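Data block below; observations after.
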Amino acid sequence: MKQRRIIAAVGFALVASVVAAACGGGSGSGSEGGTPTKGGTIHILSNGEQIAHLDPQRNYTGDDLAFVGSTMQRTLTSYKYAAGDEGSTIVPDLATDLGTHNEDGTVWSFTLRDGGTFEDGTEITCADVAYGVSRTWASDVITDGPTYASTYIDAGKYPGPYKATAAEQAAFDKAVSCDGKTITFNLSVPVADFNYTTTLLAFSPVPKAADTGEKYDMRPVASGPYKIESYTIGKSLVLVRNENWNKDSDPVRSANPDSFVYEFGLDEAVMDERMIKDAGDDQLAVSAGIQPENLPTIFDDEAFKSRRVDYYDPFVSYTNLNVKNLSCVEIRKAIYLALDREALRKAGGGPYTGDFADGFIKPALALDYKKSTMPDGLNADGTANVEAAQAAMTAAETACPEVAAHAKDGLAFYRPATPVWDKAVAIWIDSLGKVGIKLKDEPVEPSVYWPTVMNPETNYDIARGGWAPDWANASTVIPELFTTAGGFNLTRNAGDPDYAEFQTKIDAAKKELDRAKQGVMWQELNQYVVDRLWALPGTFTKAQSIWGSKVGNAYQWAPFGAFNYGDLYVKS
Amino acid sequence: MSPDVVLSVRNLSVVFHTSDGDVVAVNDVSFDLRSGETLGIVGESGSGKSVTASSIMRLNNSNTASTTGSIIVSGVDVLTAEEDEVRRIRGSEVAMIFQDPLSALNPYYTVGKQIAEAYLVHHPQASKADARVVTLEMLKKVGIPNPEKRIDEFPHQFSGGMRQRIVIAIALINNPKVLIADEPTTALDVTVQAQILDLMNELQTEFQMAIVLITHDLGVIAEAALDVLVMYGGRIVERSSVEALFSEPTHPYAWGLLGAVNSLGKSDRGALVTIAGSPPSLIALPTGCSFNPRCGYAMEICTAEVPSLREIGSQGSVSACHLPDDQILTIGRKAASL
Amino acid sequence: MFMFILRRVFFALVLLLAVSFFTYMLFAMLPSDPAALTCGKNCKPDVIAANRIRLGYDKSLFEQYWLFLKGIFVGRDYGTGAAAFSCGAPSLGYSFGQHECVTTLITKTFPVTAYLSVGAFILWMLIGISSGSVAALNKGKWQDRAASIFTSVGVSLPTFYIGLLVLFSVVIWLRILPFPSYESPFVDFPTFLRTMILPWLVLAVLSAASYTRLTRNGMLEAMNEDFVRLGVAKGLTTKIILRRYVMRQALVPIVTIAGLDFAGLLGGAIITESVFSLPGMGKMSIRAVVESDLPVLVGTTMVAAVFIVVANVLVDIAYGYLDPRVRVK
């Protein structure tokens with residue numbers, strides 16, 4: 001009995017570390033030439049036990065969206081298969097074009113292509129797309145998925161298709177209407193980039209007759225080039241060609257391999273070793289994420305040059321400052337300049353974890369990114385500038401003596417109670433101590449960290465943040481993180497004297513229907529936040545991946561930080 | 001060797017190799033045992049009496065003990081014979097009963113099975129049914145009441161005395177020539193002790209076997225044995241008839257033993273002679289006569305020279321003591337009369 | 001004997017009830033919030049609240065527990081309207097993480113664990129008892145020293161790293177075997193064997209170490225027993241002595257411990273299953289811990305507890321059979 005308990009404890013620690021390590025992602029370029037060939041089987045090695053959700057309306061995580069969207073499910077629009085930031089470009093998928101909209105962007109219409117079919121050969125209709133979207137309202141069944149549709153589309157108190165009365169359903173059918181092959185979304189707010197929103201699999205078609213609610217997750221009906229042959233959680237997901245998929249109707253996916261085998265439940269060390277060894281079927285495998293101890297092996301050896309990638313994932317890590325408490329910019333600047341970001345990065349794993357961020361929008365969001373002007377005195381190499389920080393602190397003592405006194409007394413520092421953060425906190429305390437700022441460490445149980453800091457009652461001064469856009473437009477970054485209506489604003493900046501101006505600029509950007517102009521507006525807004533340091537940019541995180549020597553055309557697909565599954569091929 | 005000698009031990013020495021050094025447990029022991037006779041071996045723990053007994057059946061672990069000399073049973077030298085030969089002798093020619101009848105019986109099998117097993121191993125042609133008949137008969141002989149029922153019971157269901165009867169039954173099932181009884185009554189109640197000794201006497205007559213009776217209890221010797229060996233520090237220090245031992249003991253250690261017995265029995269007389277000190281460490285035996293540190297009559301020579309056995313007195317006693325004969329006889333008689 | 005078994009079964013049921021109850025309560029005491037852990041990417045407070053209702057954690061703990069108990073006998077219904085579904089009796093709940101009734105999940109994963117356990121157990125008993133016997137019979141010689149090294153190394157080696165090492169060397173480096181991919185023996189027996197051989201061996205060899213010691217010490221202890229000396233004095237052959245006298249005694253504690261170990265194994269060989277990617281119950285349960293999947297956790301814990309409890313009863317009965325001294329009258 002005693003021995004078993006030890007085994008259980010070890011096993012738990014093991015899996016816990018696996019989960020901790022899995023929180024990366026990856027993107028970037030690593031492709032090489034060659035003519036794509038049809039046929040063969042691509043293997044995906046995974047530490048996970050399953051795909052979180054195969055149900056398109058419930059799928060909301062980078063790699064799963066990329067895989068399912070590449071293979072089984074189509075949406076109205078999707079991303080281009082291209083390495084680097086070009087991958088952030090949207091292209092028509094089920095729709096014939098990127099959609100049409102009215103003057104203010106409150107009504108969006110998409111026309112379905114001819115020839116799109118489900119795996120049983122039936123044609124994908126407008127009703128199937130509308131039904132799919134309608135499922136996202138059923139928040140008691142269709143959980144975990146993005147809720148943009150129900151936020152943007154005014155369908156009254158629609159409870160989703162399972163419980164709706166005839167009247168409620170009629171209200172939805174009016175908000176999301178079908179006219180032949182054209183589906184029209186009537187939005188309650190202007191959404192300039194709604195055709196980016198529709199890249200989410202939440203807009204994938206679902207045949208109503210096949211919907212099994214909660215259980216649809218295990219056996220969704222395919223609209224893409226592959227369908228499920230077998231799916232055993234903890235073992236494998238095998239996809240084979242959907243013979244009814246018509247290439248003419250799908251210009252996006254090249255669908256080269258005959259099948260995909262997703263191998264679940266592999267130990268990470270085993271995955272790495274198999275990929276390094278590159279033998280047998282593993283030559284046909286892709287594996288996202290590499291254990292830190294294997295990074296030097298793979299990245300210092302030119303032998304791996306053609307089958308590795310180290311590129312940005314979609315995440316930005318940053319630190320929220322409570323602007324209500326730290327109400328003058330001088331003190332926020334003092335904190336930023338004093339912080340030894342290089343020491344933090346080193347403690348977290350060094351340069352492989354990411355580059356120092358110059359804002360909150362990543363370079364992969366090509367149209368929206370422009371290098372920001374960082375605060376004077378901020379060292380580009382990430383080290384602390386104690387002198388400049390001290391000067392900022394002195395300025396703060398004049399500008400806002402009460403805030404400075406509060407900082408000297410001790411700032412409440414909220415963070416998840418994990419070993420990684422235990423190390424990081426020590427660096428924070430040490431860094432800020434050099435300019436006389438004290439920190440009160442407030443570790444929070446990891447699973448309730450977000451609910452804790454999102455609770456208005458929690459009076460933190462500093463709280464960590466991390467964000468990835470939901471689609472390749474900074475409209476899902478800057479407004480989400482820094483406006484009062486945003487879903488993830490932990491800066492409590494509503495009282496800042498500049499907030500009203502900021503909100504006006506945001507509203508304008510959200511309504512801007514010219515994508516290029518909108519991008520410039522996001523660049524300016526990003527700089528606006530950096531200038532005021534409502535939050536402190538941390539790193540543009542990176543991820544590393546490796547693939548087998550017989551996998552052709554592999555790269556990190558920027559919008560998801562995942563492999564370009566729909567564009568891989570097996571080298572003959 | 002005269003024809004009725006069933007066991008002849010010559011120059012038996014047993015050395016145990018331990019991590020603390022070699023231990024001479026038995027040193028140059030010789031004796032003969034005649035059919036129908038009972039030889040008592042008496043001594044304290046560590047005197048070598050039990051090792052002598054187990055040597056006779058070659059039960060000492062050959063990895064840890066070197067046994068030299070010879071032990072002749074039915075013309076076979078047990079010490080040098082092939083394993084199969086020894087195994088044939090064990091149980092059929094020479095049998096043994098142990099001190100603790102509970103631990104001597106296999107707790108996992110019925111007593112009947114254990115007795116029958118001993119029979120079958122030496123009677124390979126016999127069937128299990130035959131063995132059961134013989135076993136039942138033997139159980140009756142050793143005085144187990146209701147043997148038809150009790151044959152299928154387990155050892156823990158028997159009392160101490162009954163268990164020893166079972167052990168005796170196992171020992172005698174093959175009608176051995178020699179029975180080695182190693183402290184057969186020590187673990188038993190006093191009343192039961194007498195019953196067991198009576199039983200052994202009775203069966204000795206019936207089976208005409210020789211018994212080596214090993215004990216630290218002179219009372220048992222007095223009751224059951226004809227001749228006696230007194231052992232000390234691995235050596236024989238006195239050999240005599242029981243009668244002579246109790247009337248004219250010829251070794252200071254024997255005087256001590258008698259004194260201990262007598263003073264127990266006649267406490268008002270006080271302990272004139274008690275055995276001072278404790279038994280010697282076999283690893284570091286005193287030089288000369290092993291008994292010299294505890295001997296009230298020790299002389300200079302006693303620490304220098306091991307006394308050899310010599311005949312003393314008129315009753316055929318043999319003793320290993322440096323004291324002059326007349327002094328030995330005078331003190332011996334005095335010790336016996338106390 | 002019948003009353004004895006009846007009494008034991010009754011206590012076993014009470015024990016299982018207590019196990020399920022305490023698993024529930026312990027889980028509730030964990031600082032992590034399952035509703036927050038499983039609400040996906042969009043974890044705003046209202047989403048977490050809705051998720052809590054979906055998972056049933058909005059109800060009081062006692063009500064949750066009552067529904068669980070009821071489900072075992074009458075099954076459980078979930079959801080409403082067109083999205084309703086149910087898990088038939090005996091229902092141990094529904095895993096919202098795996099979209100499947102827990103009872104079904106267990107019936108799928110348990111055979112894997114059972115095959116692993118039975119195979120490894122037979123091997124490890126063979127290895128443990130034979131190496132322990134050889135060591136005891138050659139006490140102090142090289143065989144004994146080898147067994148002693150095997151024992152001390154075997155009990156201290158972590159299954160995880162040895163499993164990985166074996167997997168690396170045999171499968172990835174030397175490529176003697178293909179990478180394990182579990183298949184039911186009724187579907188593809190050769191693949192099944194190829195997959196199971198390494199986990200069987202690793203689990204068996206490492207677990208055998210303590211049985212080597214147990215056997216060796218038990219036999220040496222038995223060899224010093226008077227009754228063994230009497231057996232020798234009877235003139236019995238070495239073979240009979242070893243079998244009926246020495247082994248018979250040494251087996252008693254071995255059977256006891258082995259019974260409990262085997263039951264523990266049936267509850268899930270977590271590390272071995274993880275290293276060798278075997279979709280067994282142990283792997284599923286550890287995953288349930290990480291993902292706060294209470295129904296799966298309680299379900300697998302209950303099944304493991306059933307095995308432990310049943311094994312205890314069987315061991316008690318076996319003990320009485322093996323050792324007449326404790327046999328109940």
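In the structure tokens, each chain is lettered A, B, ... as it comes, each chain's residues begin at 1, and ligands are numbered from 1 in order of appearance.
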Taking only C-alpha atoms into account, which residues of chain C are within 8 Å of chain A, as a PyMOL selection string?
-> chain C and resi 31-34+36-45+50-51+53-54+79-84+97-100+164+168+172-173+181-182+260-261+264+270-271+274-279+284+286-287+289-290
Shell around Lys438 in chain A at 10 Å using only C-alpha atoms, local window under 2 positions removed, as an NGL selection string = :A and (406-413 or 428-436 or 440-441)
What's the 7 Å shell around range 119-131 of chain C, counting only C-alpha atoms, without same-chain residues fewer than 2 positions away, as an MDAnalysis selection string?
-> chainID C and resid 115:117 133:135 147 200:201 203:205 207:209 211:212 215 262
Per-residue DSSP, range 35-254 of chain C, filtered to strand (DSSP E or B), as a list of chain:residue names = C:Arg76, C:Asp77, C:Tyr78, C:Phe85, C:Ser86, C:Cys87, C:Tyr94, C:Ser95, C:Glu100, C:Cys101
Take the residues just selected and output them with C-alpha atoms as a short mmCIF file (atom, residue, chain, number, x, y, z; two decimals), in the first residue's frame.
```
data_model
loop_
_atom_site.label_atom_id
_atom_site.label_comp_id
_atom_site.auth_asym_id
_atom_site.auth_seq_id
_atom_site.Cartn_x
_atom_site.Cartn_y
_atom_site.Cartn_z
CA ARG C 76 -28.61 9.24 -14.25
CA ASP C 77 -30.09 11.74 -16.68
CA TYR C 78 -28.21 14.78 -17.89
CA PHE C 85 -28.86 12.10 -22.54
CA SER C 86 -28.43 9.55 -19.80
CA CYS C 87 -26.03 7.07 -18.27
CA TYR C 94 -20.58 11.31 -16.67
CA SER C 95 -17.23 12.72 -17.71
CA GLU C 100 -18.71 9.55 -21.98
CA CYS C 101 -20.39 7.80 -19.06
#
```
If you run DSSP on this backbone, which residues of range 130-265 of chain A come out as alpha helix (DSSP H), and could you give them as a PyMOL selection string?
-> chain A and resi 130-134+148-152+166-175+194-197
Okay, now the selection with C-alpha atoms, as a compact mmCIF listing (two decimals), in the first residue's frame?
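Written out: selection28.txt:
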```txt
# COMPACT_ATOMS: atom_id res chain seq x y z
CA ALA A 130 -26.91 29.00 -39.23
CA TYR A 131 -27.66 25.93 -37.13
CA GLY A 132 -23.98 25.53 -36.27
CA VAL A 133 -23.73 29.13 -35.10
CA SER A 134 -26.98 28.82 -33.16
CA TYR A 148 -18.52 36.16 -30.11
CA ALA A 149 -21.59 35.23 -32.12
CA SER A 150 -23.93 35.64 -29.19
CA THR A 151 -22.14 38.84 -28.18
CA TYR A 152 -22.34 40.46 -31.60
CA ALA A 166 -40.79 28.64 -31.61
CA ALA A 167 -40.77 32.37 -30.90
CA GLU A 168 -37.19 32.33 -29.68
CA GLN A 169 -36.09 30.35 -32.70
CA ALA A 170 -37.88 32.78 -34.97
CA ALA A 171 -35.97 35.66 -33.38
CA PHE A 172 -32.71 33.87 -34.06
CA ASP A 173 -33.68 33.05 -37.63
CA LYS A 174 -34.31 36.72 -38.16
CA ALA A 175 -30.93 37.73 -36.74
CA PHE A 194 -16.49 40.25 -38.65
CA ASN A 195 -14.99 38.26 -41.53
CA TYR A 196 -12.07 37.52 -39.17
CA THR A 197 -14.54 36.42 -36.51
```
Have a look at C:Leu294, C:Leu137, C:Phe150, C:Ile257 and name the one nearest to chain B; count only C-alpha atoms.
->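 Of all the options, C:Leu137 lies closest to chain B.
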At a cut-off of 10 Å, which residues of chain B touch chain C? Count only C-alpha atoms and give the answer as a PDB file with N, CA and C atoms, in the first residue's frame.
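Just written: selection.pdb:
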```pdb
ATOM      1  N   SER B  54      23.379 -33.175  17.140  1.00  0.00           N
ATOM      2  CA  SER B  54      23.023 -32.906  15.752  1.00  0.00           C
ATOM      3  C   SER B  54      24.088 -33.421  14.797  1.00  0.00           C
ATOM      4  N   MET B  57      23.415 -36.834  13.321  1.00  0.00           N
ATOM      5  CA  MET B  57      22.541 -36.922  12.141  1.00  0.00           C
ATOM      6  C   MET B  57      23.041 -36.046  11.007  1.00  0.00           C
ATOM      7  N   ARG B  58      24.211 -35.525  11.192  1.00  0.00           N
ATOM      8  CA  ARG B  58      24.802 -34.596  10.223  1.00  0.00           C
ATOM      9  C   ARG B  58      23.830 -33.461   9.897  1.00  0.00           C
ATOM     10  N   LEU B  59      23.360 -32.852  10.968  1.00  0.00           N
ATOM     11  CA  LEU B  59      22.431 -31.745  10.771  1.00  0.00           C
ATOM     12  C   LEU B  59      23.138 -30.397  10.791  1.00  0.00           C
ATOM     13  N   ASN B  60      24.453 -30.412  11.104  1.00  0.00           N
ATOM     14  CA  ASN B  60      25.150 -29.124  11.129  1.00  0.00           C
ATOM     15  C   ASN B  60      25.309 -28.613   9.705  1.00  0.00           C
ATOM     16  N   ASN B  63      28.169 -25.412   5.470  1.00  0.00           N
ATOM     17  CA  ASN B  63      28.751 -24.131   5.034  1.00  0.00           C
ATOM     18  C   ASN B  63      29.413 -23.390   6.189  1.00  0.00           C
ATOM     19  N   GLU B  83      25.275 -38.111   0.624  1.00  0.00           N
ATOM     20  CA  GLU B  83      24.055 -37.492   1.152  1.00  0.00           C
ATOM     21  C   GLU B  83      22.890 -38.489   1.169  1.00  0.00           C
ATOM     22  N   ASP B  84      22.766 -39.273   0.115  1.00  0.00           N
ATOM     23  CA  ASP B  84      21.663 -40.232   0.037  1.00  0.00           C
ATOM     24  C   ASP B  84      21.744 -41.268   1.160  1.00  0.00           C
ATOM     25  N   GLU B  85      22.973 -41.670   1.433  1.00  0.00           N
ATOM     26  CA  GLU B  85      23.195 -42.665   2.483  1.00  0.00           C
ATOM     27  C   GLU B  85      22.803 -42.087   3.845  1.00  0.00           C
ATOM     28  N   VAL B  86      23.223 -40.860   4.056  1.00  0.00           N
ATOM     29  CA  VAL B  86      22.889 -40.199   5.315  1.00  0.00           C
ATOM     30  C   VAL B  86      21.373 -40.054   5.444  1.00  0.00           C
ATOM     31  N   ARG B  87      20.757 -39.679   4.317  1.00  0.00           N
ATOM     32  CA  ARG B  87      19.307 -39.492   4.360  1.00  0.00           C
ATOM     33  C   ARG B  87      18.606 -40.819   4.685  1.00  0.00           C
ATOM     34  N   ARG B  88      19.172 -41.916   4.200  1.00  0.00           N
ATOM     35  CA  ARG B  88      18.583 -43.224   4.501  1.00  0.00           C
ATOM     36  C   ARG B  88      18.686 -43.514   6.003  1.00  0.00           C
ATOM     37  N   ILE B  89      19.832 -43.123   6.572  1.00  0.00           N
ATOM     38  CA  ILE B  89      20.046 -43.377   7.996  1.00  0.00           C
ATOM     39  C   ILE B  89      19.138 -42.510   8.850  1.00  0.00           C
ATOM     40  N   ARG B  90      18.992 -41.245   8.423  1.00  0.00           N
ATOM     41  CA  ARG B  90      18.154 -40.333   9.192  1.00  0.00           C
ATOM     42  C   ARG B  90      16.719 -40.854   9.236  1.00  0.00           C
ATOM     43  N   GLY B  91      16.200 -40.934  10.426  1.00  0.00           N
ATOM     44  CA  GLY B  91      14.816 -41.344  10.548  1.00  0.00           C
ATOM     45  C   GLY B  91      14.625 -42.838  10.603  1.00  0.00           C
ATOM     46  N   SER B  92      15.461 -43.592   9.887  1.00  0.00           N
ATOM     47  CA  SER B  92      15.268 -45.036   9.943  1.00  0.00           C
ATOM     48  C   SER B  92      16.248 -45.702  10.918  1.00  0.00           C
ATOM     49  N   GLU B  93      17.527 -45.285  10.885  1.00  0.00           N
ATOM     50  CA  GLU B  93      18.507 -45.860  11.820  1.00  0.00           C
ATOM     51  C   GLU B  93      18.618 -44.999  13.070  1.00  0.00           C
ATOM     52  N   VAL B  94      18.686 -43.706  12.819  1.00  0.00           N
ATOM     53  CA  VAL B  94      18.804 -42.761  13.925  1.00  0.00           C
ATOM     54  C   VAL B  94      17.654 -41.771  13.816  1.00  0.00           C
ATOM     55  N   ALA B  95      16.939 -41.591  14.908  1.00  0.00           N
ATOM     56  CA  ALA B  95      15.859 -40.612  14.893  1.00  0.00           C
ATOM     57  C   ALA B  95      16.114 -39.615  16.009  1.00  0.00           C
ATOM     58  N   MET B  96      15.370 -38.539  15.923  1.00  0.00           N
ATOM     59  CA  MET B  96      15.683 -37.464  16.871  1.00  0.00           C
ATOM     60  C   MET B  96      14.403 -36.812  17.356  1.00  0.00           C
ATOM     61  N   ILE B  97      14.381 -36.458  18.618  1.00  0.00           N
ATOM     62  CA  ILE B  97      13.282 -35.625  19.108  1.00  0.00           C
ATOM     63  C   ILE B  97      13.866 -34.368  19.737  1.00  0.00           C
ATOM     64  N   PHE B  98      13.089 -33.311  19.598  1.00  0.00           N
ATOM     65  CA  PHE B  98      13.615 -31.990  19.950  1.00  0.00           C
ATOM     66  C   PHE B  98      12.998 -31.456  21.215  1.00  0.00           C
ATOM     67  N   GLN B  99      13.609 -30.334  21.614  1.00  0.00           N
ATOM     68  CA  GLN B  99      13.232 -29.738  22.884  1.00  0.00           C
ATOM     69  C   GLN B  99      11.807 -29.185  22.867  1.00  0.00           C
ATOM     70  N   ASP B 100      11.515 -28.379  21.806  1.00  0.00           N
ATOM     71  CA  ASP B 100      10.220 -27.706  21.796  1.00  0.00           C
ATOM     72  C   ASP B 100       9.286 -28.400  20.811  1.00  0.00           C
ATOM     73  N   PRO B 101       8.334 -29.163  21.336  1.00  0.00           N
ATOM     74  CA  PRO B 101       7.503 -29.967  20.439  1.00  0.00           C
ATOM     75  C   PRO B 101       6.592 -29.125  19.554  1.00  0.00           C
ATOM     76  N   LEU B 102       6.349 -27.870  19.915  1.00  0.00           N
ATOM     77  CA  LEU B 102       5.499 -27.066  19.034  1.00  0.00           C
ATOM     78  C   LEU B 102       6.278 -26.645  17.795  1.00  0.00           C
ATOM     79  N   SER B 103       7.464 -26.103  18.041  1.00  0.00           N
ATOM     80  CA  SER B 103       8.219 -25.622  16.889  1.00  0.00           C
ATOM     81  C   SER B 103       8.795 -26.768  16.071  1.00  0.00           C
ATOM     82  N   ALA B 104       8.822 -27.964  16.660  1.00  0.00           N
ATOM     83  CA  ALA B 104       9.385 -29.088  15.915  1.00  0.00           C
ATOM     84  C   ALA B 104       8.391 -29.676  14.925  1.00  0.00           C
ATOM     85  N   LEU B 105       7.129 -29.332  15.088  1.00  0.00           N
ATOM     86  CA  LEU B 105       6.137 -29.883  14.160  1.00  0.00           C
ATOM     87  C   LEU B 105       5.787 -28.839  13.110  1.00  0.00           C
ATOM     88  N   ASN B 106       5.617 -29.313  11.899  1.00  0.00           N
ATOM     89  CA  ASN B 106       5.260 -28.431  10.789  1.00  0.00           C
ATOM     90  C   ASN B 106       3.823 -27.957  10.987  1.00  0.00           C
ATOM     91  N   PRO B 107       3.638 -26.660  11.195  1.00  0.00           N
ATOM     92  CA  PRO B 107       2.291 -26.180  11.536  1.00  0.00           C
ATOM     93  C   PRO B 107       1.298 -26.277  10.383  1.00  0.00           C
ATOM     94  N   TYR B 108       1.797 -26.540   9.191  1.00  0.00           N
ATOM     95  CA  TYR B 108       0.916 -26.466   8.020  1.00  0.00           C
ATOM     96  C   TYR B 108       0.299 -27.806   7.631  1.00  0.00           C
ATOM     97  N   TYR B 109       0.713 -28.876   8.294  1.00  0.00           N
ATOM     98  CA  TYR B 109       0.167 -30.189   7.929  1.00  0.00           C
ATOM     99  C   TYR B 109      -0.375 -30.898   9.160  1.00  0.00           C
ATOM    100  N   THR B 110      -1.286 -31.817   8.939  1.00  0.00           N
ATOM    101  CA  THR B 110      -1.845 -32.581  10.051  1.00  0.00           C
ATOM    102  C   THR B 110      -0.769 -33.487  10.622  1.00  0.00           C
ATOM    103  N   GLN B 114       2.333 -35.846   8.910  1.00  0.00           N
ATOM    104  CA  GLN B 114       3.752 -35.720   9.240  1.00  0.00           C
ATOM    105  C   GLN B 114       4.355 -37.043   9.702  1.00  0.00           C
ATOM    106  N   ILE B 115       3.527 -37.818  10.370  1.00  0.00           N
ATOM    107  CA  ILE B 115       4.038 -39.130  10.801  1.00  0.00           C
ATOM    108  C   ILE B 115       4.150 -40.053   9.584  1.00  0.00           C
ATOM    109  N   GLU B 117       4.465 -39.260   6.546  1.00  0.00           N
ATOM    110  CA  GLU B 117       5.524 -38.790   5.665  1.00  0.00           C
ATOM    111  C   GLU B 117       6.863 -39.431   6.057  1.00  0.00           C
ATOM    112  N   ALA B 118       7.097 -39.494   7.385  1.00  0.00           N
ATOM    113  CA  ALA B 118       8.342 -40.087   7.860  1.00  0.00           C
ATOM    114  C   ALA B 118       8.390 -41.580   7.524  1.00  0.00           C
ATOM    115  N   TYR B 119       7.215 -42.191   7.559  1.00  0.00           N
ATOM    116  CA  TYR B 119       7.157 -43.625   7.239  1.00  0.00           C
ATOM    117  C   TYR B 119       7.376 -43.842   5.747  1.00  0.00           C
ATOM    118  N   LEU B 120       6.675 -43.054   4.968  1.00  0.00           N
ATOM    119  CA  LEU B 120       6.697 -43.261   3.517  1.00  0.00           C
ATOM    120  C   LEU B 120       8.075 -43.020   2.921  1.00  0.00           C
ATOM    121  N   VAL B 121       8.810 -42.081   3.478  1.00  0.00           N
ATOM    122  CA  VAL B 121      10.100 -41.759   2.879  1.00  0.00           C
ATOM    123  C   VAL B 121      11.068 -42.931   3.006  1.00  0.00           C
ATOM    124  N   HIS B 122      10.847 -43.746   4.038  1.00  0.00           N
ATOM    125  CA  HIS B 122      11.728 -44.913   4.195  1.00  0.00           C
ATOM    126  C   HIS B 122      11.062 -46.212   3.763  1.00  0.00           C
ATOM    127  N   GLU B 153      -5.765 -33.828  12.833  1.00  0.00           N
ATOM    128  CA  GLU B 153      -5.699 -32.489  13.409  1.00  0.00           C
ATOM    129  C   GLU B 153      -4.303 -31.895  13.216  1.00  0.00           C
ATOM    130  N   PHE B 154      -4.272 -30.592  13.404  1.00  0.00           N
ATOM    131  CA  PHE B 154      -3.000 -29.884  13.223  1.00  0.00           C
ATOM    132  C   PHE B 154      -2.264 -29.759  14.553  1.00  0.00           C
ATOM    133  N   PRO B 155      -0.964 -29.579  14.518  1.00  0.00           N
ATOM    134  CA  PRO B 155      -0.173 -29.538  15.746  1.00  0.00           C
ATOM    135  C   PRO B 155      -0.701 -28.553  16.784  1.00  0.00           C
ATOM    136  N   HIS B 156      -1.181 -27.375  16.295  1.00  0.00           N
ATOM    137  CA  HIS B 156      -1.578 -26.373  17.287  1.00  0.00           C
ATOM    138  C   HIS B 156      -2.819 -26.800  18.059  1.00  0.00           C
ATOM    139  N   GLN B 157      -3.457 -27.871  17.613  1.00  0.00           N
ATOM    140  CA  GLN B 157      -4.650 -28.334  18.323  1.00  0.00           C
ATOM    141  C   GLN B 157      -4.300 -29.299  19.456  1.00  0.00           C
ATOM    142  N   VAL B 167       5.875 -36.100  18.279  1.00  0.00           N
ATOM    143  CA  VAL B 167       7.271 -36.060  17.826  1.00  0.00           C
ATOM    144  C   VAL B 167       7.917 -37.435  18.047  1.00  0.00           C
ATOM    145  N   ILE B 170       6.765 -39.773  15.420  1.00  0.00           N
ATOM    146  CA  ILE B 170       7.496 -39.568  14.167  1.00  0.00           C
ATOM    147  C   ILE B 170       8.854 -40.254  14.248  1.00  0.00           C
ATOM    148  N   ALA B 171       9.493 -40.087  15.419  1.00  0.00           N
ATOM    149  CA  ALA B 171      10.849 -40.623  15.577  1.00  0.00           C
ATOM    150  C   ALA B 171      10.856 -42.149  15.521  1.00  0.00           C
ATOM    151  N   ILE B 173       8.529 -44.220  14.181  1.00  0.00           N
ATOM    152  CA  ILE B 173       7.702 -44.866  13.164  1.00  0.00           C
ATOM    153  C   ILE B 173       8.500 -45.846  12.313  1.00  0.00           C
ATOM    154  N   ASN B 174       9.822 -45.594  12.214  1.00  0.00           N
ATOM    155  CA  ASN B 174      10.652 -46.495  11.396  1.00  0.00           C
ATOM    156  C   ASN B 174      11.510 -47.434  12.240  1.00  0.00           C
TER     157      ASN B 174
END
```
Compile the contact shell of Ile44 in chain A as a ChimeraX atom specification: residues with an atom at most 12 Å away, counting only C-alpha atoms, same-chain residues fewer than 6 positions apart removed.
-> /A:50-51,63-64,67,235-239,259-266,271,274-275,281-289,545-548,551,562-565,568
For range 525-528 of chain A, please output as a PyMOL selection string all residues within 12 Å (counting only C-alpha atoms; exclusion window: fewer than 3 positions along the same chain).
-> chain A and resi 357-362+368-375+474-475+477-479+481-483+498-499+501-510+518-522+531-537
Residue nearest Val111 in chain B - candidates B:Ser45, B:Thr135, B:Ser19, B:Asn175, atoms counted: only C-alpha atoms = B:Thr135
Residues within 6 Å of Gly234 in chain B, only C-alpha atoms, excluding chain neighbours under 5 positions, as a VMD selection string | chain B and resid 25 to 27 47 to 48
So which residues touch Cys126 in chain A within 6 Å, counting only C-alpha atoms, skipping near sequence neighbours fewer than 6 positions away, as a ChimeraX atom specification?
-> /A:178,181,183
